[in-house]
>>> print(open('work.tsv').read())   # TSV, C-alpha atoms
chain	number	residue	atom	x	y	z
G	266	MET	CA	62.19	157.53	231.91
G	267	SER	CA	59.03	156.26	230.16
G	268	ALA	CA	61.12	155.07	227.16
G	269	LYS	CA	63.24	152.92	229.49
G	270	ALA	CA	60.07	151.52	231.10
G	271	ASN	CA	58.67	150.69	227.66
G	272	TYR	CA	61.89	148.84	226.67
G	273	PHE	CA	61.73	146.93	229.93
G	274	LYS	CA	58.10	145.91	229.28
G	275	ILE	CA	58.92	144.90	225.70
G	276	GLY	CA	61.87	142.84	226.95
G	277	ILE	CA	59.68	141.11	229.57
G	278	PHE	CA	57.04	140.42	226.91
G	279	VAL	CA	59.57	138.90	224.45
G	280	ILE	CA	61.17	136.72	227.13
G	281	SER	CA	57.74	135.56	228.36
G	282	ALA	CA	56.62	134.75	224.81
G	283	ALA	CA	59.82	132.75	224.18
G	284	ILE	CA	59.38	130.79	227.44
G	285	ILE	CA	55.72	130.03	226.60
G	286	ALA	CA	56.71	128.89	223.08
G	287	ILE	CA	59.42	126.58	224.47
G	288	ILE	CA	56.99	125.11	227.03
G	289	ALA	CA	54.38	124.53	224.29
G	290	ILE	CA	56.91	122.79	222.04
G	291	ILE	CA	58.08	120.57	224.90
G	292	ALA	CA	54.48	119.78	225.94
G	293	MET	CA	53.54	118.76	222.39
G	294	GLY	CA	56.69	116.73	221.93
G	295	VAL	CA	56.46	114.91	225.26
G	296	GLY	CA	53.56	112.80	223.99
G	297	THR	CA	55.56	111.40	221.11
G	298	PHE	CA	58.77	111.18	223.15
G	299	PHE	CA	57.28	108.91	225.82
G	300	GLN	CA	55.07	107.00	223.40
G	301	LYS	CA	55.96	103.31	223.38
G	302	ARG	CA	57.02	102.09	219.96
G	303	PHE	CA	58.55	98.88	218.73
G	304	MET	CA	60.88	98.28	215.79
G	305	VAL	CA	60.23	96.03	212.81
G	306	GLU	CA	62.45	95.29	209.86
G	307	THR	CA	61.98	93.98	206.35
G	308	TYR	CA	64.25	93.13	203.44
G	309	ILE	CA	63.43	94.42	199.96
G	310	ASP	CA	64.89	92.95	196.76
G	311	ASP	CA	63.96	96.06	194.73
G	312	SER	CA	64.96	99.66	194.34
G	313	VAL	CA	63.64	101.78	197.22
G	314	GLN	CA	63.80	105.00	195.21
G	315	GLY	CA	61.55	107.60	196.83
G	316	LEU	CA	61.61	105.98	200.29
G	317	ASP	CA	63.36	108.06	202.95
G	318	VAL	CA	63.86	108.07	206.70
G	319	GLY	CA	60.64	109.51	208.12
G	320	SER	CA	58.43	108.07	205.36
G	321	PRO	CA	55.14	106.71	206.73
G	322	VAL	CA	54.29	103.07	207.32
G	323	LYS	CA	50.60	102.36	206.69
G	324	PHE	CA	48.26	99.46	207.26
G	325	ARG	CA	45.42	99.59	204.73
G	326	GLY	CA	45.87	103.34	204.39
G	327	VAL	CA	46.09	104.11	208.12
G	328	LYS	CA	49.44	105.41	209.36
G	329	ILE	CA	50.94	103.15	212.02
G	330	GLY	CA	54.58	104.25	212.08
G	331	ASN	CA	57.61	105.72	210.33
G	332	VAL	CA	60.72	104.50	208.55
G	333	GLU	CA	63.74	104.90	210.86
G	334	GLU	CA	66.67	103.44	208.89
G	335	ILE	CA	67.50	102.32	205.34
G	336	THR	CA	70.68	100.35	204.66
G	337	PHE	CA	71.92	97.10	203.12
G	338	VAL	CA	71.59	93.69	204.78
G	339	GLY	CA	75.30	92.95	204.21
G	340	LYS	CA	76.29	96.08	206.13
G	341	GLU	CA	73.89	95.57	209.05
G	342	TYR	CA	74.54	91.87	209.64
G	343	ASN	CA	78.25	91.78	208.71
G	344	LEU	CA	77.99	88.92	206.22
G	345	GLU	CA	81.33	87.48	205.11
G	346	PRO	CA	82.16	88.87	201.64
G	347	THR	CA	83.44	85.46	200.52
G	348	SER	CA	80.36	83.53	201.66
G	349	GLU	CA	77.38	82.38	199.58
G	350	ASP	CA	75.10	84.29	201.96
G	351	TYR	CA	76.83	87.55	201.06
G	352	LEU	CA	76.39	86.93	197.33
G	353	GLN	CA	72.72	86.09	197.83
G	354	TYR	CA	71.62	88.61	200.47
G	355	SER	CA	73.97	91.61	200.36
G	356	LYS	CA	71.95	93.25	197.56
G	357	TYR	CA	68.79	93.29	199.71
G	358	VAL	CA	67.82	96.63	201.21
G	359	LEU	CA	67.13	96.55	204.94
G	360	VAL	CA	64.38	98.90	206.09
G	361	LYS	CA	63.71	99.43	209.80
G	362	ALA	CA	60.54	101.15	210.99
G	363	SER	CA	59.08	102.15	214.34
G	364	ILE	CA	55.47	101.07	214.85
G	365	GLU	CA	52.89	102.48	217.27
G	366	PRO	CA	51.31	99.54	219.12
G	367	LEU	CA	47.52	99.30	219.16
G	368	ARG	CA	47.63	98.05	222.74
G	369	ASP	CA	50.20	97.49	225.45
G	370	ILE	CA	51.42	93.87	225.45
G	371	THR	CA	54.63	92.13	226.45
G	372	ASP	CA	57.45	91.48	223.98
G	373	GLU	CA	56.75	87.75	224.08
G	374	GLU	CA	53.05	88.28	223.28
G	375	ARG	CA	53.97	90.70	220.49
G	376	SER	CA	56.41	88.18	219.01
G	377	GLU	CA	53.77	85.42	219.01
G	378	PHE	CA	51.14	87.79	217.58
G	379	THR	CA	53.52	88.91	214.80
G	380	GLU	CA	54.29	85.29	213.86
G	381	LYS	CA	50.56	84.54	213.64
G	382	MET	CA	49.94	87.60	211.44
G	383	ILE	CA	52.82	86.60	209.11
G	384	ALA	CA	51.43	83.05	208.87
G	385	LYS	CA	48.07	84.58	207.83
G	386	GLY	CA	49.77	86.62	205.11
G	387	LEU	CA	50.93	89.92	206.64
G	388	ARG	CA	53.41	91.41	204.16
G	389	VAL	CA	55.15	94.74	203.49
G	390	ARG	CA	55.55	96.38	200.10
G	391	LEU	CA	56.78	99.66	198.70
G	392	ALA	CA	53.96	101.91	197.49
G	393	SER	CA	54.01	105.25	195.71
G	394	GLN	CA	52.13	108.38	196.76
G	395	GLY	CA	50.62	109.43	193.46
G	396	ILE	CA	52.71	111.36	190.93
G	397	THR	CA	55.06	112.97	193.48
G	398	GLY	CA	57.51	110.06	193.37
G	399	THR	CA	57.66	109.79	197.15
G	400	ALA	CA	57.16	106.31	198.54
G	401	TYR	CA	55.94	104.72	201.76
G	402	LEU	CA	55.69	101.23	203.22
G	403	GLU	CA	52.30	99.58	202.91
G	404	THR	CA	51.36	96.57	205.03
G	405	ASP	CA	48.44	94.29	204.25
G	406	TYR	CA	47.36	90.67	204.22
G	407	LEU	CA	48.18	88.78	201.00
G	408	ASP	CA	48.07	85.14	199.95
G	409	PRO	CA	50.81	83.46	202.04
G	410	ASP	CA	51.17	80.62	199.50
G	411	LYS	CA	51.76	83.05	196.63
G	412	TYR	CA	54.10	85.23	198.71
G	413	PRO	CA	56.05	82.99	201.12
G	414	PRO	CA	58.44	84.63	203.60
G	415	LEU	CA	62.00	85.13	202.43
G	416	LYS	CA	64.41	82.50	203.76
G	417	ILE	CA	67.15	84.30	205.70
G	418	ALA	CA	70.48	83.09	207.08
G	419	TRP	CA	70.63	85.30	210.18
G	420	GLU	CA	68.57	86.09	213.27
G	421	PRO	CA	66.77	89.44	212.89
G	422	ARG	CA	67.53	91.90	215.68
G	423	THR	CA	63.95	93.23	215.67
G	424	TYR	CA	60.55	91.91	214.60
G	425	TYR	CA	60.78	90.68	211.00
G	426	VAL	CA	57.90	91.16	208.53
G	427	PRO	CA	58.42	89.67	205.03
G	428	SER	CA	58.19	91.88	201.97
G	429	VAL	CA	56.66	91.37	198.53
G	430	PRO	CA	57.49	93.09	195.24
G	431	SER	CA	55.91	96.51	194.85
G	432	THR	CA	52.91	96.97	192.57
G	433	ILE	CA	55.06	98.97	190.15
G	434	THR	CA	57.63	96.14	189.97
G	435	GLN	CA	54.90	93.55	189.40
G	436	PHE	CA	53.38	95.69	186.63
G	437	THR	CA	56.78	96.21	184.97
G	438	ASP	CA	57.57	92.47	185.13
G	439	SER	CA	54.17	91.63	183.62
G	440	MET	CA	54.68	94.11	180.77
G	441	GLU	CA	58.15	92.69	180.06
G	442	ARG	CA	56.72	89.15	179.89
G	443	ILE	CA	53.96	90.30	177.51
G	444	ILE	CA	56.51	92.02	175.25
G	445	GLU	CA	58.73	88.91	175.25
G	446	ASN	CA	55.74	86.75	174.29
G	447	ILE	CA	54.80	89.15	171.48
G	448	GLU	CA	58.39	89.06	170.19
G	449	GLN	CA	58.29	85.25	170.09
G	450	ILE	CA	55.15	85.16	167.92
G	451	ASN	CA	56.02	84.05	164.39
G	452	VAL	CA	54.12	86.76	162.54
G	453	VAL	CA	55.63	85.83	159.15
G	454	GLY	CA	54.65	82.19	159.58
G	455	ILE	CA	51.12	83.08	160.68
G	456	THR	CA	50.54	85.46	157.74
G	457	GLY	CA	52.01	82.87	155.35
G	458	GLY	CA	49.64	80.23	156.71
G	459	ILE	CA	46.64	82.57	156.34
G	460	GLU	CA	47.65	83.35	152.72
G	461	GLU	CA	47.90	79.64	151.91
G	462	THR	CA	44.52	78.99	153.51
G	463	LEU	CA	42.91	81.81	151.53
>>> encode(input="work.tsv", output="structure tokens")
Amino acid sequence: MSAKANYFKIGIFVISAAIIAIIAIIAMGVGTFFQKRFMVETYIDDSVQGLDVGSPVKFRGVKIGNVEEITFVGKEYNLEPTSEDYLQYSKYVLVKASIEPLRDITDEERSEFTEKMIAKGLRVRLASQGITGTAYLETDYLDPDKYPPLKIAWEPRTYYVPSVPSTITQFTDSMERIIENIEQINVVGITGGIEETL
């Protein structure tokens, strides 16, 4: 009789623990579920190796959102394969991210505010998290004259923030230019001139 009572108590305990765990998970998830977020998108003319859905979006190192979708512009906006726009833009990678707003404002106010930030130089770039190879989106203010917004031939479905080449891409391009310049130096001519001078 006591063994049956013990099994009953154990069963009640397990069921109660499971119900409490489910309630705790729901309670913790409700905050993020009902949290107001808005979508932004950017177009990257680089490889996005290491960037995945769920990767963080940061502003000066502070997390402000997450990557929600990664695809190609030609697929998302159905550009005609025979058009010039398709040849020019279909290679661009479209990245959509959900952003946590700092304060509650209307869509119209957010649109105006975003346009002002872009005019002041707000840009997005791919950044790497150390040696792990994982990447995230970094937003910051850069020189708007040096990095003008990309001209696009369609109306973005969400808020559009222009992108700039990643630091790794800029470094690689600089190194390639240096190597090309070194290759163009006429070493034989220079050494011949020095020998004649001596």
>>> closest_residue(input="work.tsv", among="G:Leu387, G:Ile280, G:Pro321, G:Ile417", to="Tyr351 in chain G", atoms="all atoms listed in the file")
G:Ile417
>>> residues_around(input="work.tsv", residues="range 381-384 of chain G", least_positions_apart="3", cutoff="7 Å", atoms="all atoms listed in the file", output="list in words")
Glu377, Phe378, Leu387, Arg388, Pro409 and Val426 of chain G
>>> residues_around(input="work.tsv", residues="Tyr424 in chain G", least_positions_apart="6", cutoff="10 Å", atoms="only C-alpha atoms", output="short mmCIF file (atom, residue, chain, number, x, y, z; two decimals) with C-alpha atoms, in the frame of the given file")
data_model
loop_
_atom_site.label_atom_id
_atom_site.label_comp_id
_atom_site.auth_asym_id
_atom_site.auth_seq_id
_atom_site.Cartn_x
_atom_site.Cartn_y
_atom_site.Cartn_z
CA PHE G 303 58.55 98.88 218.73
CA MET G 304 60.88 98.28 215.79
CA VAL G 305 60.23 96.03 212.81
CA GLU G 306 62.45 95.29 209.86
CA THR G 307 61.98 93.98 206.35
CA LYS G 361 63.71 99.43 209.80
CA ALA G 362 60.54 101.15 210.99
CA ASP G 372 57.45 91.48 223.98
CA ARG G 375 53.97 90.70 220.49
CA SER G 376 56.41 88.18 219.01
CA THR G 379 53.52 88.91 214.80
CA GLU G 380 54.29 85.29 213.86
#
>>> closest_residue(input="work.tsv", among="G:Leu344, G:Ala283, G:Leu415, G:Ser393", to="Gln314 in chain G", atoms="all atoms listed in the file")
G:Ser393
>>> atom_distance(input="work.tsv", atom1="CA of Ser431 in chain G", atom2="CA of Ser312 in chain G")
9.6 Å
>>> residues_around(input="work.tsv", residues="Val338 in chain G", least_positions_apart="2", cutoff="12 Å", atoms="only C-alpha atoms", output="number ranges by chain")
G: 306-310, 334-336, 340-345, 350-361, 417-422
>>> residues_around(input="work.tsv", residues="Val332 in chain G", least_positions_apart="4", cutoff="9 Å", atoms="all atoms listed in the file", output="PyMOL selection string")
chain G and resi 316-322+360-364+401-402
>>> atom_distance(input="work.tsv", atom1="CA of Lys301 in chain G", atom2="CA of Arg390 in chain G")
24.3 Å
>>> atom_distance(input="work.tsv", atom1="CA of Tyr425 in chain G", atom2="CA of Thr371 in chain G")
16.7 Å
>>> build_atoms(input="work.tsv", residues="range 404-422 of chain G", atoms="N, CA, C and O atoms", output="mmCIF file, keeping the file's coordinate frame")
data_model
loop_
_atom_site.group_PDB
_atom_site.id
_atom_site.type_symbol
_atom_site.label_atom_id
_atom_site.label_comp_id
_atom_site.auth_asym_id
_atom_site.auth_seq_id
_atom_site.Cartn_x
_atom_site.Cartn_y
_atom_site.Cartn_z
ATOM 1 N N THR G 404 51.509 97.915 204.489
ATOM 2 C CA THR G 404 51.360 96.570 205.030
ATOM 3 C C THR G 404 49.924 96.119 204.813
ATOM 4 O O THR G 404 48.988 96.912 204.944
ATOM 5 N N ASP G 405 49.781 94.841 204.478
ATOM 6 C CA ASP G 405 48.440 94.290 204.250
ATOM 7 C C ASP G 405 48.546 92.772 204.257
ATOM 8 O O ASP G 405 49.646 92.218 204.227
ATOM 9 N N TYR G 406 47.391 92.123 204.270
ATOM 10 C CA TYR G 406 47.360 90.670 204.220
ATOM 11 C C TYR G 406 47.248 90.215 202.774
ATOM 12 O O TYR G 406 46.345 90.641 202.050
ATOM 13 N N LEU G 407 48.171 89.342 202.351
ATOM 14 C CA LEU G 407 48.180 88.780 201.000
ATOM 15 C C LEU G 407 48.206 87.267 201.108
ATOM 16 O O LEU G 407 48.338 86.712 202.197
ATOM 17 N N ASP G 408 48.077 86.608 199.980
ATOM 18 C CA ASP G 408 48.070 85.140 199.950
ATOM 19 C C ASP G 408 49.434 84.610 200.394
ATOM 20 O O ASP G 408 50.437 84.816 199.698
ATOM 21 N N PRO G 409 49.505 83.927 201.553
ATOM 22 C CA PRO G 409 50.810 83.460 202.040
ATOM 23 C C PRO G 409 51.435 82.386 201.165
ATOM 24 O O PRO G 409 52.656 82.211 201.168
ATOM 25 N N ASP G 410 50.618 81.639 200.400
ATOM 26 C CA ASP G 410 51.170 80.620 199.500
ATOM 27 C C ASP G 410 51.816 81.271 198.279
ATOM 28 O O ASP G 410 52.834 80.797 197.776
ATOM 29 N N LYS G 411 51.219 82.351 197.793
ATOM 30 C CA LYS G 411 51.760 83.050 196.630
ATOM 31 C C LYS G 411 52.984 83.871 197.006
ATOM 32 O O LYS G 411 53.902 84.044 196.203
ATOM 33 N N TYR G 412 52.993 84.401 198.237
ATOM 34 C CA TYR G 412 54.100 85.230 198.710
ATOM 35 C C TYR G 412 54.682 84.648 199.997
ATOM 36 O O TYR G 412 54.411 85.154 201.089
ATOM 37 N N PRO G 413 55.461 83.566 199.896
ATOM 38 C CA PRO G 413 56.050 82.990 201.120
ATOM 39 C C PRO G 413 57.131 83.900 201.694
ATOM 40 O O PRO G 413 57.740 84.682 200.961
ATOM 41 N N PRO G 414 57.374 83.805 202.995
ATOM 42 C CA PRO G 414 58.440 84.630 203.600
ATOM 43 C C PRO G 414 59.802 84.287 203.022
ATOM 44 O O PRO G 414 60.081 83.145 202.668
ATOM 45 N N LEU G 415 60.642 85.294 202.926
ATOM 46 C CA LEU G 415 62.000 85.130 202.430
ATOM 47 C C LEU G 415 62.816 84.296 203.422
ATOM 48 O O LEU G 415 62.761 84.531 204.627
ATOM 49 N N LYS G 416 63.524 83.303 202.910
ATOM 50 C CA LYS G 416 64.410 82.500 203.760
ATOM 51 C C LYS G 416 65.664 83.333 204.050
ATOM 52 O O LYS G 416 66.297 83.842 203.142
ATOM 53 N N ILE G 417 65.990 83.481 205.321
ATOM 54 C CA ILE G 417 67.150 84.300 205.700
ATOM 55 C C ILE G 417 68.139 83.450 206.491
ATOM 56 O O ILE G 417 67.763 82.449 207.103
ATOM 57 N N ALA G 418 69.400 83.865 206.453
ATOM 58 C CA ALA G 418 70.480 83.090 207.080
ATOM 59 C C ALA G 418 70.979 83.736 208.365
ATOM 60 O O ALA G 418 72.077 83.446 208.812
ATOM 61 N N TRP G 419 70.214 84.629 208.952
ATOM 62 C CA TRP G 419 70.630 85.300 210.180
ATOM 63 C C TRP G 419 69.399 85.499 211.060
ATOM 64 O O TRP G 419 68.259 85.359 210.631
ATOM 65 N N GLU G 420 69.648 85.829 212.305
ATOM 66 C CA GLU G 420 68.570 86.090 213.270
ATOM 67 C C GLU G 420 68.283 87.586 213.287
ATOM 68 O O GLU G 420 69.141 88.371 213.669
ATOM 69 N N PRO G 421 67.078 88.008 212.874
ATOM 70 C CA PRO G 421 66.770 89.440 212.890
ATOM 71 C C PRO G 421 66.859 90.028 214.295
ATOM 72 O O PRO G 421 66.488 89.382 215.274
ATOM 73 N N ARG G 422 67.367 91.255 214.375
ATOM 74 C CA ARG G 422 67.530 91.900 215.680
ATOM 75 C C ARG G 422 66.227 92.502 216.188
ATOM 76 O O ARG G 422 66.109 92.828 217.369
#
